[in-house]
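Visitor: Structure incoming, see below.
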Amino acid sequence: MNSSGIFITLEGGEGVGKSTQMRMLVRRLEGSGWKVEATREPGATPLGKRISELVRSATGAGPVDKAELMLYLADRAQHVERVIAPALAKGIAVVCDRFIDSSEVYQGRARGLGSGEVRRLNEWVCGKAWPDLTVVLDLAPEIGLQRALERQDSLGLGLDRLESEAMEFHRQVRRGFLAQAEAEPERIKVVDAGLPRDQVAENIWAQVNGWLKERLP
């Protein structure tokens, strides 16, 4: 457990609906009496916003794989120190859209830098601010990317640098998240993101509420 708070992360590939589901989960937690800190990576701090622009921008050459990883880790270090750890110390439930598993999957597995190596760096950066429960929203990348394209079109924007990666990259990301879940079944739970939005929310809550009843007095 993280001090007196709880730390829940939502993970998954592009277009799986993490942002929508996080808002719905936050409402359920607040309805259960929790004070909640909803946050995300990258970009939850002023420094993180600048890093997010660097790693997500579709213009220019972009960072090489190792530089990309280090930028995400720099964002995470600032995020943990300024947002996550203080909230947990106050007994707040922190819900985060992306965290350690995204780096281990995107850079460690899909980029080929090694998930074990990225895990060691994550442990150094995060210290005790480690997720208690992680929910992976699983969806075929073909569907997720179509959702992402429709979302960006509605905003008058194009796909960002990661969304624009080749389909095989996104398939590796999906396989990577499922491999993470298989390796850590106690912490990581998989939910089908292809179901209707409200059903996905119910399935996420079933995992979270079940975990709370088992772990907390």
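Ordering of the structure tokens sets the chain letters (A, B, ...); residue numbers start at 1 within each chain; ligands are numbered from 1 in the order shown.
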Considering only C-alpha atoms, give me a table of residues in stretch 23-77 of chain A that are at most 10 Å from stretch 120-142 of chain A, with the closest atom pair and distance in Å for each, as a Markdown table.
Guide:
```
| residue | atom | partner | partner_atom | distance |
| --- | --- | --- | --- | --- |
| A:Leu69 | CA | A:Leu121 | CA | 9.8 |
| A:Met70 | CA | A:Leu121 | CA | 9.4 |
| A:Leu73 | CA | A:Val125 | CA | 7.1 |
| A:Ala74 | CA | A:Val125 | CA | 8.4 |
| A:Asp75 | CA | A:Val125 | CA | 10.0 |
| A:Arg76 | CA | A:Val125 | CA | 7.2 |
| A:Ala77 | CA | A:Val125 | CA | 5.5 |
```
Visitor: Just to be explicit: take each residue in the selection above, keep N, CA and C atoms, and write the result as a short mmCIF file (atom, residue, chain, number, x, y, z; two decimals), in the first residue's frame.
Guide:
```
data_model
loop_
_atom_site.label_atom_id
_atom_site.label_comp_id
_atom_site.auth_asym_id
_atom_site.auth_seq_id
_atom_site.Cartn_x
_atom_site.Cartn_y
_atom_site.Cartn_z
N LEU A 69 12.53 7.55 -24.03
CA LEU A 69 12.38 6.94 -22.72
C LEU A 69 12.80 7.90 -21.62
N MET A 70 13.94 8.55 -21.78
CA MET A 70 14.43 9.44 -20.74
C MET A 70 13.52 10.64 -20.54
N LEU A 73 10.68 9.43 -18.46
CA LEU A 73 11.12 9.24 -17.08
C LEU A 73 11.30 10.57 -16.35
N ALA A 74 11.78 11.58 -17.07
CA ALA A 74 11.90 12.91 -16.46
C ALA A 74 10.52 13.44 -16.09
N ASP A 75 9.56 13.27 -16.99
CA ASP A 75 8.18 13.66 -16.68
C ASP A 75 7.68 12.93 -15.45
N ARG A 76 7.96 11.63 -15.37
CA ARG A 76 7.48 10.81 -14.25
C ARG A 76 8.13 11.23 -12.93
N ALA A 77 9.41 11.51 -12.96
CA ALA A 77 10.09 11.93 -11.74
C ALA A 77 9.45 13.20 -11.18
#
```
Visitor: Quick one: everything within 12 Å of stretch 187-198 of chain A, counting only C-alpha atoms, minus sequence neighbours fewer than 4 positions away in the same chain. Send it as a count of residues only.
Guide: 56
Visitor: Run DSSP on the backbone and tell me which residues of stretch 86-185 of chain A come out as helix (DSSP H, G or I); list them as JSON, numbers by chain.
Guide: {"A": [86, 87, 88, 89, 100, 101, 102, 103, 104, 105, 106, 107, 108, 109, 110, 115, 116, 117, 118, 119, 120, 121, 122, 123, 124, 125, 126, 141, 142, 143, 144, 145, 146, 147, 148, 149, 150, 151, 152, 153, 154, 167, 168, 169, 170, 171, 172, 173, 174, 175, 176, 177, 178, 179, 180, 181, 182, 183]}
Visitor: Mind listing the strand (DSSP E) residues of stretch 5-158 of chain A, per DSSP on the backbone, as a PyMOL selection string?
Guide: chain A and resi 6-12+36-40+93-97+133-138
Visitor: Neighbouring residues of A:Leu162 were defined as those with any atom within 10 Å, considering only C-alpha atoms; residues of the same chain fewer than 4 positions away were excluded. Please report them as a list in words.
Guide: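 Surrounding residues, per the criterion: Glu14, Val55, Arg56, Ser57, Ala58, Tyr106, Ala166, Phe169 and His170 of chain A.
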Visitor: In Å to one decimal, how far is atom CA of A:Gly91 from atom CA of A:Asn209?
Guide: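 Separation between atom CA of A:Asn209 and atom CA of A:Gly91: 17.2 Å.
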Visitor: Mind pulling up the distance from atom CA of A:Lys35 to atom CA of A:Arg50?
Guide: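 These two atoms are separated by 28.1 Å.
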Visitor: When you look at A:Lys90 with a cut-off of 9 Å (counting only C-alpha atoms), what residues show up, excluding the ones that are within fewer than 2 positions of it in the same chain? I need them as number ranges by chain.
Guide: A: 3-5, 85-88, 92
Visitor: Closest to A:Gly112 among A:Ala201, A:Ala148, A:Val173, A:Leu47, using only C-alpha atoms?
Guide: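 For A:Gly112, the nearest of the given residues is A:Val173.
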Visitor: Which value, in Å to one decimal, gives the distance between atom CA of A:Gly116 and atom CA of A:Glu104?
Guide: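 So the two atoms, atom CA of A:Gly116 and atom CA of A:Glu104, lie 7.7 Å apart.
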Visitor: Using only C-alpha atoms, determine which residues lie at most 10 Å from A:Gly43, disregarding the query and same-chain residues fewer than 2 positions distant; provide the list as a ChimeraX atom specification.
Guide: /A:39-41,45-53,72,75-76,78-79
